[in-house]
Each structure stands twice: as C-alpha cells, then as structure tokens.
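Undergrad: One structure, pasted below without further comment.
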Amino acid sequence: MAVVTITGKNFDAEVMQSGKPVLIDFWAAWCGPCRMVSPIVDEIGEEEPSIKVGKVDVDANPELAQKFGVMSIPTLVVIKDGKVAQRVVGARPKAAIKELLGL
C-alpha cells in the first residue's frame, strides 16, 4: 500500500478511522536521520498490507507535531484503535521498526 501524506485535514479519516494499525513518521526535509528512516518506512508500507503507513511533515503540520508532543525527529508513532500504542524517537533499523508494529 502506498504511503499516505497525513495533514491536519485528513488526519481523522486516514488515522483515527483506519481499520488497521497506522505507523506515522514525523519528519522534516532538513533532517538527516529522517532521510535515513524514510526509505525504510516506505518499504514497510509496500510490504505490509496489514498496516497503514503515513508521514507527517512537521514543518507543514506543526499542529499535529504538537498534538503528539513531538520534540525531536524522526519520531515514529504507532496508532491502534485510535490510541498511541508505541512511540520511538530517532532513526531505527527496519527490524526495530517492524518489531514496534508487532511484525
């Protein structure tokens, strides 16, 4: 499944009303570690149909970053049934991100 760009406008529809767990990658274009994690997150989104993967550009969507208390990026948040199930800050290898998702 393609990775979804999440904004304040589509957050409820894409995340809160999703019928499956959602991995959200909070990132910014200027962030080096974010650029390392981004292709890994994209791969997981393509490989795992059981989850939805979305990305939030913190510069374009500061309200979402604030809502989730994102102070450092990259921050990965897993939402299950409308609630935060997991949260990590910093670059992680693919295996660690899949482990967050219970895969």
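By convention in this document, the chains of the structure tokens carry letters A, B, ... by their order, each chain's residues are numbered from 1, and ligands are numbered from 1 in the order they are shown.
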Might you pull out every residue within 12 Å of Ile97 (chain A), with only C-alpha atoms counted and same-chain residues fewer than 4 positions away left off, and present them as a list in words?

TA: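 Counting only C-alpha atoms, the residues come to Leu23, Ile24, Asp25, Val37, Ser38, Ile40, Val41, Asp42, Glu43, Ile44, Gly45, Val53, Thr75, Leu76, Val77, Val78, Gln86, Arg87, Val88, Val89, Gly90, Ala91, Arg92, Pro93, Leu101, Gly102 and Leu103 of chain A.
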
Undergrad: Pick out each residue of chain A that DSSP on the backbone tags as strand (DSSP E); I need them as an NGL selection string.

TA: :A and (4-5 or 22-27 or 52-57 or 75-80 or 83-89)
